[in-house]
Each structure stands twice: as C-alpha cells, then as structure tokens.
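K.L.:
Okay, here's the structure, questions in a sec.
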Amino acid sequence: MSRLTSDRVREHATRLGLTHLPETLEQVLARAEDAQMGYLDFIDLLLEEEVGHREGRRFRNALKLSGLPHHKSLDEFDFAFQPDLDARKVRDLATLEFIRAKSNVALLGPPGVGKTMIAVALAVAACQAGFSIYFTTLDDLVRKLRAAEATGRFNRQLMTYMRPALLVVDEVGYLPLDRAEANMVFQLVSRRYERGSMIITSNKTFAEWGSVLGDEVLATAILDRLLHHADVLAINGPSYRLKDRFNLVTGGESMP
Ligand code: ADP
Ligand code: MG
C-alpha cells in the first residue's frame, strides 16, 4: 500500500472514531498478506481487532468505575476450603442468568468465608459480559444517600444505584441503621425490585435484620422484595483469613 493511501486510511479511521486501527494497520496488513486472505476475511479481521480493543477498554474502564475493592475471579476461589458451600450453585450464578432475570443473590455467613470475594467475582464476570455493575458497602451507600438528601440531591444519588444492571451491596449488618436510613434502603430495594439485580452480603441471618435496620416492619418489607426472586447461599465454614494462622499453629505443633 502506498504511503499516501495508508495515511488516508489512518485519517479516515480516526475521523470515524476507530482509534485502534491506525496503530494496528501495518500489523493487520502483514497478517492478511501472510495468510493470503480474501477481502471478506480481511474486513472481518480488521473489525474484530477494533472491537476487541474497544471491549477490552470498556471492560477496564468499567472496572475502574465500579467501586470493586479488587478484581478476583472465581478461578481463584478454593472450593475445597469451603466444603459446605455448593460449588455448583456458585457456578450456576456465574452463568449470569440471575442478572437477565433481574433476580437477586444473598450471600450469608460469618466473616472471612468469602462472601465479598464471590460477590466481586460475579460482578467482574458480569462486567466482562457487558452488564453495567456497581459495588458499594451498605454503610457507604447510606452515608452517600444521607449526604445527598441534606443537599436536595437524594433522587439523583438514588439514580446512581438504580442504573447498573447489577448492584452489589456488601456488608449488610456490620453497622446498625436508624429508621431514616432503613427507609432509604427500602426505597432503593423497592425501586430495583424486578428492574435490576442485587447481590447483598451479610453476616447476619434474615431474622436479625429487624435489629440491624432498627425496624421490624421495614426489615420485613425490604426482605419481602429482596427475596421474592433470589438465590440464597449460606456459607457456614471456616474463615479464610484465619487459614494461615491455623496452619502456623498446627505447623508449630508438629515441629520437634
Ligand atoms: P467475607 O466477605 O466473607 O468476610 P472475603 O471474601 O473478604 O470474606 O474473604 C477474605 C479473604 O480471603 C479475601 O482476601 C478473599 O479473597 C479470601 N478468600 C476467602 N475465601 C476464599 C477461598 N475459598 N479461596 C480463596 N480465597 C478466599
Ligand atoms: Mg466481606
């Protein structure tokens, strides 16, 4: 290809917003020549390169804005460490059918059993599949809604929790809420009900939510909507955070 033509292709690509093509043009051309590609295969390769780059960029940007505390995947989850957890159920969730169905997931259990990790891994998978995601702790969510209410921006802030196809609300139950805060949670849950998925994690049983939310009636109303279409996974096992400490102890004992 003449210099003039390749310059023009780059310029046109840039004007069309195909930002990756100008960088890869030489490489793609060389590959096409090597493989003696037909016209259609060549166009296919060219567009696939651009889309692949764009999706990768979308994924990276979306992850950055998602609020996720880390980006671990289910491949890194040691199911053998948590034998009471049904691995099949978790892998079923990873098909992301629950997001398409706009239903919810509740991950319950004591600290360190991997609730947050599973929630994160499902959110990362969802993001990769093209769903919009957002991660927040309940504490942070309530704090932001309160601050927004004080400055007359409550509905706008609520919308940021309405928009994502999957909203993860981590750590329900670590800090008790007052009535006004529980009411905000109710508004969020009832507005997302059958419109978008939520994953919630909690160290409390549902029976204890009344005291967490400071109001039995509100707690019941929230749970009613949250659990109508939901998978509930109770993880009752050892803390992964304490795993190495126990190993150290037993290691120490077995030493002479
Ligand atoms: P929880 O939210 O239930 O308190 P986390 O998901 O934060 O627990 O898990 C605590 C730490 O242990 C995290 O670093 C997490 O990645 C890791 N972890 C927990 N369970 C497992 C597991 N079964 N396999 C691998 N890592 C795990
Ligand atoms: Mg956690």
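Just so we're on the same page: first chain in the structure tokens is A, next is B, and so on; residues restart at 1 for each chain, and ligands are numbered from 1 in the order they show up.
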Mind checking DSSP for region 13-244 of chain A and telling me the strand (DSSP E) residues as a PyMOL selection string?

P.N.:
chain A and resi 104-108+133-137+166-172+197-202+230-234

K.L.:
Taking only C-alpha atoms and all ligand atoms and a cut-off of 8 Å, can you tell me which residues surround ligand 1, written as a PyMOL selection string?

P.N.:
chain A and resi 72+76-82+108-119+170-171+201+203+239-241

K.L.:
If we count only C-alpha atoms and set the cut-off at 9 Å, which residues sit around Leu218 (chain A), ignoring sequence neighbours fewer than 3 positions away in its own chain? Please answer as a list in words.

P.N.:
Arg179, Ala182, Asn183, Phe186, Gly210, Leu213, Gly214, Asp215, Ala221, Ile222 and Leu223 of chain A

K.L.:
How close does each residue of region 184-251 of chain A get to region 130-137 of chain A, giving the shortest atom pair and distance in Å to one decimal for every residue with an atom at most 12 Å away, counting only C-alpha atoms, sorted by chain and residue number, as CSV?

P.N.:
residue,atom,partner,partner_atom,distance
A:Gly196,CA,A:Ser132,CA,10.4
A:Ser197,CA,A:Ile133,CA,9.7
A:Met198,CA,A:Tyr134,CA,9.6
A:Ile199,CA,A:Phe135,CA,9.2
A:Ile200,CA,A:Thr137,CA,9.2
A:Thr201,CA,A:Thr137,CA,9.1
A:Ser202,CA,A:Thr137,CA,10.4

K.L.:
For N, CA, C and O atoms, I'd like the residues from the last selection saved as a short mmCIF file (atom, residue, chain, number, x, y, z; two decimals), in the first residue's frame.

P.N.:
data_model
loop_
_atom_site.label_atom_id
_atom_site.label_comp_id
_atom_site.auth_asym_id
_atom_site.auth_seq_id
_atom_site.Cartn_x
_atom_site.Cartn_y
_atom_site.Cartn_z
N GLY A 196 -33.78 -4.64 38.35
CA GLY A 196 -32.35 -4.87 38.26
C GLY A 196 -31.89 -5.77 39.39
O GLY A 196 -32.56 -5.85 40.43
N SER A 197 -30.78 -6.44 39.18
CA SER A 197 -30.29 -7.41 40.16
C SER A 197 -29.48 -6.76 41.27
O SER A 197 -28.82 -5.76 41.05
N MET A 198 -29.54 -7.40 42.43
CA MET A 198 -28.65 -7.02 43.52
C MET A 198 -27.98 -8.26 44.08
O MET A 198 -28.59 -9.33 44.12
N ILE A 199 -26.73 -8.11 44.48
CA ILE A 199 -26.10 -9.13 45.32
C ILE A 199 -25.88 -8.45 46.66
O ILE A 199 -25.30 -7.37 46.72
N ILE A 200 -26.39 -9.06 47.71
CA ILE A 200 -26.11 -8.50 49.03
C ILE A 200 -25.33 -9.53 49.84
O ILE A 200 -25.51 -10.73 49.68
N THR A 201 -24.41 -9.05 50.65
CA THR A 201 -23.71 -9.96 51.57
C THR A 201 -24.02 -9.51 52.99
O THR A 201 -24.20 -8.31 53.25
N SER A 202 -24.12 -10.48 53.88
CA SER A 202 -24.44 -10.13 55.27
C SER A 202 -23.89 -11.16 56.23
O SER A 202 -23.86 -12.36 55.93
#

K.L.:
For Ser190 (chain A), please output as a list in words all residues within 9 Å (counting only C-alpha atoms; exclusion window: fewer than 2 positions along the same chain).

P.N.:
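Skipping anything fewer than 2 positions along the chain leaves Val185, Phe186, Gln187, Leu188, Arg192, Tyr193, Glu194, Ala221, Ile222, Arg225 and Leu226 of chain A.
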
K.L.:
Can you work out which one of A:Val90, A:Val169, A:Leu74, A:Ala150 has the shortest atom-to-atom distance to ligand 2, counting only C-alpha atoms and all ligand atoms?

P.N.:
A:Val169

K.L.:
Point out the residue among A:Leu68, A:Val9, A:Ala30, A:Leu4 with the least atom-to-atom distance to ligand 2, counting only C-alpha atoms and all ligand atoms.

P.N.:
A:Leu68

K.L.:
Could you pull out all residues of region 15-156 of chain A with a DSSP call of helix (DSSP H, G or I) and give them as an mmCIF file with N, CA, C and O atoms, in the first residue's frame?

P.N.:
data_model
loop_
_atom_site.group_PDB
_atom_site.id
_atom_site.type_symbol
_atom_site.label_atom_id
_atom_site.label_comp_id
_atom_site.auth_asym_id
_atom_site.auth_seq_id
_atom_site.Cartn_x
_atom_site.Cartn_y
_atom_site.Cartn_z
ATOM 1 N N ARG A 15 -11.204 9.737 11.933
ATOM 2 C CA ARG A 15 -12.431 10.524 11.822
ATOM 3 C C ARG A 15 -13.657 9.703 12.142
ATOM 4 O O ARG A 15 -14.654 10.207 12.648
ATOM 5 N N LEU A 21 -7.376 1.190 14.970
ATOM 6 C CA LEU A 21 -6.989 0.797 13.610
ATOM 7 C C LEU A 21 -5.700 1.452 13.106
ATOM 8 O O LEU A 21 -4.834 0.757 12.558
ATOM 9 N N PRO A 22 -5.537 2.772 13.289
ATOM 10 C CA PRO A 22 -4.305 3.387 12.793
ATOM 11 C C PRO A 22 -3.042 2.738 13.362
ATOM 12 O O PRO A 22 -2.052 2.611 12.657
ATOM 13 N N GLU A 23 -3.117 2.308 14.654
ATOM 14 C CA GLU A 23 -1.931 1.698 15.272
ATOM 15 C C GLU A 23 -1.657 0.312 14.723
ATOM 16 O O GLU A 23 -0.519 -0.137 14.675
ATOM 17 N N THR A 24 -2.707 -0.415 14.366
ATOM 18 C CA THR A 24 -2.515 -1.831 14.026
ATOM 19 C C THR A 24 -2.536 -2.079 12.516
ATOM 20 O O THR A 24 -2.371 -3.217 12.084
ATOM 21 N N LEU A 25 -2.710 -1.024 11.749
ATOM 22 C CA LEU A 25 -2.883 -1.198 10.307
ATOM 23 C C LEU A 25 -1.768 -2.042 9.672
ATOM 24 O O LEU A 25 -2.034 -3.044 8.989
ATOM 25 N N GLU A 26 -0.509 -1.661 9.960
ATOM 26 C CA GLU A 26 0.633 -2.381 9.369
ATOM 27 C C GLU A 26 0.578 -3.871 9.708
ATOM 28 O O GLU A 26 0.713 -4.735 8.847
ATOM 29 N N GLN A 27 0.354 -4.106 11.002
ATOM 30 C CA GLN A 27 0.355 -5.481 11.521
ATOM 31 C C GLN A 27 -0.769 -6.314 10.899
ATOM 32 O O GLN A 27 -0.559 -7.457 10.497
ATOM 33 N N VAL A 28 -1.961 -5.721 10.809
ATOM 34 C CA VAL A 28 -3.104 -6.427 10.247
ATOM 35 C C VAL A 28 -2.869 -6.714 8.754
ATOM 36 O O VAL A 28 -3.173 -7.809 8.264
ATOM 37 N N LEU A 29 -2.300 -5.746 8.079
ATOM 38 C CA LEU A 29 -1.998 -5.939 6.656
ATOM 39 C C LEU A 29 -1.009 -7.086 6.457
ATOM 40 O O LEU A 29 -1.187 -7.932 5.577
ATOM 41 N N ALA A 30 0.034 -7.093 7.306
ATOM 42 C CA ALA A 30 1.048 -8.151 7.191
ATOM 43 C C ALA A 30 0.413 -9.516 7.408
ATOM 44 O O ALA A 30 0.695 -10.485 6.695
ATOM 45 N N ARG A 31 -0.484 -9.588 8.415
ATOM 46 C CA ARG A 31 -1.153 -10.869 8.693
ATOM 47 C C ARG A 31 -2.015 -11.304 7.514
ATOM 48 O O ARG A 31 -2.072 -12.476 7.158
ATOM 49 N N ALA A 32 -2.706 -10.342 6.916
ATOM 50 C CA ALA A 32 -3.585 -10.647 5.784
ATOM 51 C C ALA A 32 -2.762 -11.149 4.596
ATOM 52 O O ALA A 32 -3.150 -12.112 3.917
ATOM 53 N N GLU A 33 -1.596 -10.509 4.392
ATOM 54 C CA GLU A 33 -0.754 -10.930 3.276
ATOM 55 C C GLU A 33 -0.183 -12.324 3.513
ATOM 56 O O GLU A 33 -0.212 -13.184 2.636
ATOM 57 N N ASP A 34 0.305 -12.550 4.725
ATOM 58 C CA ASP A 34 0.836 -13.872 5.097
ATOM 59 C C ASP A 34 -0.183 -14.967 4.825
ATOM 60 O O ASP A 34 0.138 -16.020 4.290
ATOM 61 N N TYR A 39 -10.993 -10.761 0.596
ATOM 62 C CA TYR A 39 -11.454 -9.438 1.023
ATOM 63 C C TYR A 39 -12.301 -9.501 2.281
ATOM 64 O O TYR A 39 -12.127 -8.727 3.219
ATOM 65 N N LEU A 40 -13.258 -10.450 2.294
ATOM 66 C CA LEU A 40 -14.204 -10.514 3.408
ATOM 67 C C LEU A 40 -13.478 -10.879 4.707
ATOM 68 O O LEU A 40 -13.727 -10.285 5.767
ATOM 69 N N ASP A 41 -12.578 -11.870 4.623
ATOM 70 C CA ASP A 41 -11.814 -12.264 5.813
ATOM 71 C C ASP A 41 -10.964 -11.107 6.332
ATOM 72 O O ASP A 41 -10.782 -10.929 7.536
ATOM 73 N N PHE A 42 -10.465 -10.314 5.410
ATOM 74 C CA PHE A 42 -9.637 -9.187 5.813
ATOM 75 C C PHE A 42 -10.460 -8.142 6.577
ATOM 76 O O PHE A 42 -10.070 -7.670 7.638
ATOM 77 N N ILE A 43 -11.628 -7.834 6.045
ATOM 78 C CA ILE A 43 -12.502 -6.865 6.736
ATOM 79 C C ILE A 43 -12.905 -7.415 8.104
ATOM 80 O O ILE A 43 -12.929 -6.696 9.105
ATOM 81 N N ASP A 44 -13.165 -8.706 8.125
ATOM 82 C CA ASP A 44 -13.532 -9.360 9.383
ATOM 83 C C ASP A 44 -12.418 -9.192 10.417
ATOM 84 O O ASP A 44 -12.664 -8.818 11.571
ATOM 85 N N LEU A 45 -11.190 -9.447 10.008
ATOM 86 C CA LEU A 45 -10.038 -9.334 10.902
ATOM 87 C C LEU A 45 -9.877 -7.898 11.403
ATOM 88 O O LEU A 45 -9.681 -7.647 12.598
ATOM 89 N N LEU A 46 -9.998 -6.975 10.488
ATOM 90 C CA LEU A 46 -9.818 -5.557 10.800
ATOM 91 C C LEU A 46 -10.832 -5.090 11.855
ATOM 92 O O LEU A 46 -10.483 -4.454 12.848
ATOM 93 N N LEU A 47 -12.099 -5.453 11.625
ATOM 94 C CA LEU A 47 -13.151 -5.010 12.551
ATOM 95 C C LEU A 47 -13.049 -5.727 13.886
ATOM 96 O O LEU A 47 -13.320 -5.155 14.940
ATOM 97 N N GLU A 48 -12.657 -7.000 13.833
ATOM 98 C CA GLU A 48 -12.538 -7.767 15.074
ATOM 99 C C GLU A 48 -11.446 -7.170 15.965
ATOM 100 O O GLU A 48 -11.607 -7.076 17.180
ATOM 101 N N GLU A 49 -10.345 -6.768 15.354
ATOM 102 C CA GLU A 49 -9.257 -6.115 16.090
ATOM 103 C C GLU A 49 -9.775 -4.872 16.811
ATOM 104 O O GLU A 49 -9.500 -4.653 17.983
ATOM 105 N N GLU A 50 -10.526 -4.072 16.082
ATOM 106 C CA GLU A 50 -11.031 -2.816 16.636
ATOM 107 C C GLU A 50 -12.027 -3.079 17.777
ATOM 108 O O GLU A 50 -11.938 -2.478 18.840
ATOM 109 N N VAL A 51 -12.958 -4.005 17.523
ATOM 110 C CA VAL A 51 -13.983 -4.301 18.538
ATOM 111 C C VAL A 51 -13.328 -4.910 19.778
ATOM 112 O O VAL A 51 -13.641 -4.542 20.906
ATOM 113 N N GLY A 52 -12.404 -5.836 19.547
ATOM 114 C CA GLY A 52 -11.702 -6.477 20.670
ATOM 115 C C GLY A 52 -11.009 -5.451 21.543
ATOM 116 O O GLY A 52 -11.095 -5.485 22.767
ATOM 117 N N HIS A 53 -10.383 -4.482 20.894
ATOM 118 C CA HIS A 53 -9.685 -3.433 21.627
ATOM 119 C C HIS A 53 -10.677 -2.577 22.415
ATOM 120 O O HIS A 53 -10.484 -2.261 23.585
ATOM 121 N N ARG A 54 -11.768 -2.231 21.743
ATOM 122 C CA ARG A 54 -12.771 -1.370 22.362
ATOM 123 C C ARG A 54 -13.421 -2.048 23.566
ATOM 124 O O ARG A 54 -13.610 -1.447 24.607
ATOM 125 N N GLU A 55 -13.770 -3.339 23.405
ATOM 126 C CA GLU A 55 -14.396 -4.080 24.505
ATOM 127 C C GLU A 55 -13.443 -4.176 25.687
ATOM 128 O O GLU A 55 -13.843 -4.033 26.830
ATOM 129 N N GLY A 56 -12.182 -4.441 25.370
ATOM 130 C CA GLY A 56 -11.177 -4.521 26.422
ATOM 131 C C GLY A 56 -11.088 -3.202 27.162
ATOM 132 O O GLY A 56 -11.029 -3.167 28.394
ATOM 133 N N ARG A 57 -11.159 -2.114 26.407
ATOM 134 C CA ARG A 57 -11.070 -0.789 27.011
ATOM 135 C C ARG A 57 -12.324 -0.505 27.836
ATOM 136 O O ARG A 57 -12.253 0.010 28.945
ATOM 137 N N ARG A 58 -13.492 -0.885 27.280
ATOM 138 C CA ARG A 58 -14.748 -0.689 28.008
ATOM 139 C C ARG A 58 -14.703 -1.443 29.341
ATOM 140 O O ARG A 58 -15.042 -0.921 30.386
ATOM 141 N N PHE A 59 -14.229 -2.701 29.259
ATOM 142 C CA PHE A 59 -14.132 -3.555 30.444
ATOM 143 C C PHE A 59 -13.206 -2.919 31.492
ATOM 144 O O PHE A 59 -13.566 -2.790 32.656
ATOM 145 N N ARG A 60 -12.046 -2.472 31.056
ATOM 146 C CA ARG A 60 -11.082 -1.876 32.002
ATOM 147 C C ARG A 60 -11.643 -0.601 32.614
ATOM 148 O O ARG A 60 -11.545 -0.385 33.824
ATOM 149 N N ASN A 61 -12.260 0.240 31.785
ATOM 150 C CA ASN A 61 -12.837 1.486 32.304
ATOM 151 C C ASN A 61 -13.981 1.209 33.274
ATOM 152 O O ASN A 61 -14.087 1.833 34.321
ATOM 153 N N ALA A 62 -14.840 0.261 32.874
ATOM 154 C CA ALA A 62 -15.995 -0.057 33.717
ATOM 155 C C ALA A 62 -15.526 -0.612 35.061
ATOM 156 O O ALA A 62 -16.089 -0.273 36.103
ATOM 157 N N LEU A 63 -14.491 -1.439 35.040
ATOM 158 C CA LEU A 63 -13.969 -1.983 36.300
ATOM 159 C C LEU A 63 -13.456 -0.858 37.185
ATOM 160 O O LEU A 63 -13.668 -0.856 38.392
ATOM 161 N N LYS A 64 -12.789 0.098 36.557
ATOM 162 C CA LYS A 64 -12.209 1.208 37.319
ATOM 163 C C LYS A 64 -13.290 2.011 38.025
ATOM 164 O O LYS A 64 -13.101 2.490 39.136
ATOM 165 N N LEU A 65 -14.450 2.162 37.360
ATOM 166 C CA LEU A 65 -15.526 2.988 37.916
ATOM 167 C C LEU A 65 -16.502 2.187 38.785
ATOM 168 O O LEU A 65 -17.445 2.744 39.327
ATOM 169 N N LEU A 74 -13.585 -16.229 40.092
ATOM 170 C CA LEU A 74 -13.976 -17.499 40.720
ATOM 171 C C LEU A 74 -12.896 -18.563 40.589
ATOM 172 O O LEU A 74 -12.815 -19.470 41.415
ATOM 173 N N ASP A 75 -12.070 -18.452 39.530
ATOM 174 C CA ASP A 75 -10.969 -19.421 39.363
ATOM 175 C C ASP A 75 -10.038 -19.415 40.559
ATOM 176 O O ASP A 75 -9.368 -20.406 40.841
ATOM 177 N N GLU A 76 -9.979 -18.273 41.240
ATOM 178 C CA GLU A 76 -9.065 -18.171 42.387
ATOM 179 C C GLU A 76 -9.727 -18.640 43.680
ATOM 180 O O GLU A 76 -9.082 -18.675 44.723
ATOM 181 N N PHE A 79 -12.704 -23.898 46.416
ATOM 182 C CA PHE A 79 -13.961 -24.500 46.880
ATOM 183 C C PHE A 79 -13.705 -25.609 47.896
ATOM 184 O O PHE A 79 -14.529 -25.874 48.767
ATOM 185 N N ALA A 80 -12.549 -26.259 47.809
ATOM 186 C CA ALA A 80 -12.216 -27.344 48.742
ATOM 187 C C ALA A 80 -12.112 -26.810 50.175
ATOM 188 O O ALA A 80 -12.388 -27.528 51.138
ATOM 189 N N PHE A 81 -11.756 -25.531 50.292
ATOM 190 C CA PHE A 81 -11.630 -24.939 51.626
ATOM 191 C C PHE A 81 -13.001 -24.723 52.265
ATOM 192 O O PHE A 81 -13.107 -24.590 53.487
ATOM 193 N N ALA A 87 -20.594 -25.687 45.281
ATOM 194 C CA ALA A 87 -19.821 -25.079 44.179
ATOM 195 C C ALA A 87 -20.675 -24.967 42.923
ATOM 196 O O ALA A 87 -20.562 -24.006 42.158
ATOM 197 N N ARG A 88 -21.566 -25.953 42.729
ATOM 198 C CA ARG A 88 -22.407 -25.949 41.531
ATOM 199 C C ARG A 88 -23.317 -24.731 41.499
ATOM 200 O O ARG A 88 -23.538 -24.115 40.463
ATOM 201 N N LYS A 89 -23.844 -24.403 42.696
ATOM 202 C CA LYS A 89 -24.733 -23.229 42.793
ATOM 203 C C LYS A 89 -23.991 -21.954 42.418
ATOM 204 O O LYS A 89 -24.531 -21.089 41.727
ATOM 205 N N VAL A 90 -22.749 -21.859 42.878
ATOM 206 C CA VAL A 90 -21.956 -20.656 42.572
ATOM 207 C C VAL A 90 -21.667 -20.597 41.072
ATOM 208 O O VAL A 90 -21.770 -19.546 40.446
ATOM 209 N N ARG A 91 -21.322 -21.763 40.502
ATOM 210 C CA ARG A 91 -21.015 -21.775 39.057
ATOM 211 C C ARG A 91 -22.267 -21.484 38.235
ATOM 212 O O ARG A 91 -22.186 -20.864 37.171
ATOM 213 N N ASP A 92 -23.424 -21.923 38.729
ATOM 214 C CA ASP A 92 -24.697 -21.571 38.077
ATOM 215 C C ASP A 92 -24.885 -20.061 38.048
ATOM 216 O O ASP A 92 -25.292 -19.491 37.033
ATOM 217 N N LEU A 93 -24.592 -19.434 39.188
ATOM 218 C CA LEU A 93 -24.726 -17.972 39.253
ATOM 219 C C LEU A 93 -23.788 -17.312 38.257
ATOM 220 O O LEU A 93 -24.121 -16.281 37.668
ATOM 221 N N GLU A 97 -27.379 -15.781 34.573
ATOM 222 C CA GLU A 97 -28.797 -15.852 34.262
ATOM 223 C C GLU A 97 -29.605 -14.991 35.242
ATOM 224 O O GLU A 97 -30.603 -14.382 34.863
ATOM 225 N N PHE A 98 -29.153 -14.932 36.501
ATOM 226 C CA PHE A 98 -29.901 -14.152 37.513
ATOM 227 C C PHE A 98 -29.951 -12.663 37.143
ATOM 228 O O PHE A 98 -30.903 -11.976 37.490
ATOM 229 N N ILE A 99 -28.955 -12.190 36.411
ATOM 230 C CA ILE A 99 -28.971 -10.774 36.018
ATOM 231 C C ILE A 99 -30.000 -10.567 34.896
ATOM 232 O O ILE A 99 -30.753 -9.603 34.906
ATOM 233 N N ARG A 100 -30.015 -11.512 33.969
ATOM 234 C CA ARG A 100 -31.013 -11.418 32.894
ATOM 235 C C ARG A 100 -32.422 -11.493 33.473
ATOM 236 O O ARG A 100 -33.338 -10.831 32.999
ATOM 237 N N LYS A 115 -17.621 -14.233 51.217
ATOM 238 C CA LYS A 115 -18.840 -13.601 50.687
ATOM 239 C C LYS A 115 -18.486 -12.482 49.710
ATOM 240 O O LYS A 115 -18.998 -12.429 48.593
ATOM 241 N N THR A 116 -17.609 -11.589 50.161
ATOM 242 C CA THR A 116 -17.237 -10.465 49.301
ATOM 243 C C THR A 116 -16.537 -10.958 48.040
ATOM 244 O O THR A 116 -16.808 -10.478 46.938
ATOM 245 N N MET A 117 -15.664 -11.959 48.209
ATOM 246 C CA MET A 117 -14.916 -12.457 47.053
ATOM 247 C C MET A 117 -15.855 -13.023 45.989
ATOM 248 O O MET A 117 -15.680 -12.755 44.796
ATOM 249 N N ILE A 118 -16.863 -13.783 46.416
ATOM 250 C CA ILE A 118 -17.796 -14.359 45.440
ATOM 251 C C ILE A 118 -18.621 -13.246 44.778
ATOM 252 O O ILE A 118 -18.815 -13.239 43.562
ATOM 253 N N ALA A 119 -19.051 -12.285 45.593
ATOM 254 C CA ALA A 119 -19.807 -11.152 45.034
ATOM 255 C C ALA A 119 -18.966 -10.403 44.004
ATOM 256 O O ALA A 119 -19.444 -10.070 42.913
ATOM 257 N N VAL A 120 -17.697 -10.173 44.337
ATOM 258 C CA VAL A 120 -16.797 -9.464 43.420
ATOM 259 C C VAL A 120 -16.602 -10.270 42.143
ATOM 260 O O VAL A 120 -16.692 -9.738 41.031
ATOM 261 N N ALA A 121 -16.346 -11.566 42.305
ATOM 262 C CA ALA A 121 -16.078 -12.417 41.137
ATOM 263 C C ALA A 121 -17.286 -12.437 40.190
ATOM 264 O O ALA A 121 -17.127 -12.384 38.967
ATOM 265 N N LEU A 122 -18.491 -12.472 40.758
ATOM 266 C CA LEU A 122 -19.693 -12.453 39.913
ATOM 267 C C LEU A 122 -19.832 -11.100 39.220
ATOM 268 O O LEU A 122 -20.201 -11.034 38.039
ATOM 269 N N ALA A 123 -19.487 -10.046 39.930
ATOM 270 C CA ALA A 123 -19.576 -8.703 39.332
ATOM 271 C C ALA A 123 -18.550 -8.539 38.209
ATOM 272 O O ALA A 123 -18.863 -7.966 37.164
ATOM 273 N N VAL A 124 -17.344 -9.046 38.413
ATOM 274 C CA VAL A 124 -16.316 -8.958 37.366
ATOM 275 C C VAL A 124 -16.787 -9.727 36.123
ATOM 276 O O VAL A 124 -16.682 -9.232 34.995
ATOM 277 N N ALA A 125 -17.340 -10.925 36.347
ATOM 278 C CA ALA A 125 -17.840 -11.729 35.221
ATOM 279 C C ALA A 125 -18.958 -10.978 34.496
ATOM 280 O O ALA A 125 -19.025 -10.970 33.259
ATOM 281 N N ALA A 126 -19.830 -10.339 35.271
ATOM 282 C CA ALA A 126 -20.946 -9.593 34.676
ATOM 283 C C ALA A 126 -20.419 -8.431 33.839
ATOM 284 O O ALA A 126 -20.895 -8.181 32.730
ATOM 285 N N CYS A 127 -19.420 -7.756 34.374
ATOM 286 C CA CYS A 127 -18.823 -6.616 33.662
ATOM 287 C C CYS A 127 -18.206 -7.093 32.352
ATOM 288 O O CYS A 127 -18.382 -6.461 31.311
ATOM 289 N N GLN A 128 -17.525 -8.210 32.429
ATOM 290 C CA GLN A 128 -16.891 -8.758 31.231
ATOM 291 C C GLN A 128 -17.935 -9.126 30.178
ATOM 292 O O GLN A 128 -17.701 -8.973 28.982
ATOM 293 N N LEU A 138 -22.951 -1.262 52.356
ATOM 294 C CA LEU A 138 -24.214 -0.645 52.781
ATOM 295 C C LEU A 138 -23.927 0.666 53.507
ATOM 296 O O LEU A 138 -24.623 1.664 53.314
ATOM 297 N N ASP A 139 -22.877 0.644 54.312
ATOM 298 C CA ASP A 139 -22.504 1.812 55.087
ATOM 299 C C ASP A 139 -22.250 3.018 54.176
ATOM 300 O O ASP A 139 -22.758 4.123 54.400
ATOM 301 N N ASP A 140 -21.482 2.777 53.133
ATOM 302 C CA ASP A 140 -21.136 3.840 52.194
ATOM 303 C C ASP A 140 -22.378 4.336 51.444
ATOM 304 O O ASP A 140 -22.569 5.538 51.244
ATOM 305 N N LEU A 141 -23.205 3.382 51.041
ATOM 306 C CA LEU A 141 -24.435 3.721 50.315
ATOM 307 C C LEU A 141 -25.323 4.648 51.154
ATOM 308 O O LEU A 141 -25.801 5.687 50.687
ATOM 309 N N VAL A 142 -25.494 4.260 52.415
ATOM 310 C CA VAL A 142 -26.370 5.035 53.294
ATOM 311 C C VAL A 142 -25.768 6.415 53.566
ATOM 312 O O VAL A 142 -26.472 7.428 53.573
ATOM 313 N N ARG A 143 -24.444 6.446 53.751
ATOM 314 C CA ARG A 143 -23.779 7.725 54.006
ATOM 315 C C ARG A 143 -23.961 8.667 52.818
ATOM 316 O O ARG A 143 -24.271 9.843 52.981
ATOM 317 N N LYS A 144 -23.807 8.112 51.606
ATOM 318 C CA LYS A 144 -23.930 8.960 50.414
ATOM 319 C C LYS A 144 -25.369 9.430 50.219
ATOM 320 O O LYS A 144 -25.606 10.568 49.833
ATOM 321 N N LEU A 145 -26.338 8.527 50.499
ATOM 322 C CA LEU A 145 -27.739 8.926 50.344
ATOM 323 C C LEU A 145 -28.116 10.005 51.356
ATOM 324 O O LEU A 145 -28.843 10.942 51.033
ATOM 325 N N ARG A 146 -27.604 9.866 52.573
ATOM 326 C CA ARG A 146 -27.878 10.871 53.610
ATOM 327 C C ARG A 146 -27.328 12.229 53.215
ATOM 328 O O ARG A 146 -28.008 13.248 53.304
ATOM 329 N N ALA A 147 -26.074 12.205 52.747
ATOM 330 C CA ALA A 147 -25.421 13.460 52.349
ATOM 331 C C ALA A 147 -26.186 14.098 51.194
ATOM 332 O O ALA A 147 -26.376 15.316 51.151
ATOM 333 N N ALA A 148 -26.645 13.250 50.264
ATOM 334 C CA ALA A 148 -27.379 13.764 49.110
ATOM 335 C C ALA A 148 -28.711 14.376 49.549
ATOM 336 O O ALA A 148 -29.120 15.426 49.060
ATOM 337 N N GLU A 149 -29.353 13.707 50.503
ATOM 338 C CA GLU A 149 -30.648 14.207 50.983
ATOM 339 C C GLU A 149 -30.490 15.589 51.612
ATOM 340 O O GLU A 149 -31.311 16.485 51.379
ATOM 341 N N ALA A 150 -29.407 15.746 52.349
ATOM 342 C CA ALA A 150 -29.163 17.014 53.042
ATOM 343 C C ALA A 150 -28.989 18.172 52.053
ATOM 344 O O ALA A 150 -29.204 19.329 52.410
ATOM 345 N N PHE A 154 -31.175 13.789 46.708
ATOM 346 C CA PHE A 154 -31.447 12.395 47.053
ATOM 347 C C PHE A 154 -31.790 11.549 45.827
ATOM 348 O O PHE A 154 -31.222 10.482 45.615
ATOM 349 N N ASN A 155 -32.726 12.062 45.025
ATOM 350 C CA ASN A 155 -33.162 11.269 43.867
ATOM 351 C C ASN A 155 -32.041 11.041 42.867
ATOM 352 O O ASN A 155 -31.942 9.972 42.270
ATOM 353 N N ARG A 156 -31.205 12.061 42.712
ATOM 354 C CA ARG A 156 -30.083 11.921 41.788
ATOM 355 C C ARG A 156 -29.105 10.849 42.274
ATOM 356 O O ARG A 156 -28.627 10.027 41.505
#

K.L.:
Separation of CA of Ser211 (chain A) and CA of Ala234 (chain A), in Å?

P.N.:
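Computed distance, CA of Ser211 (chain A) to CA of Ala234 (chain A), equals 19.6 Å.
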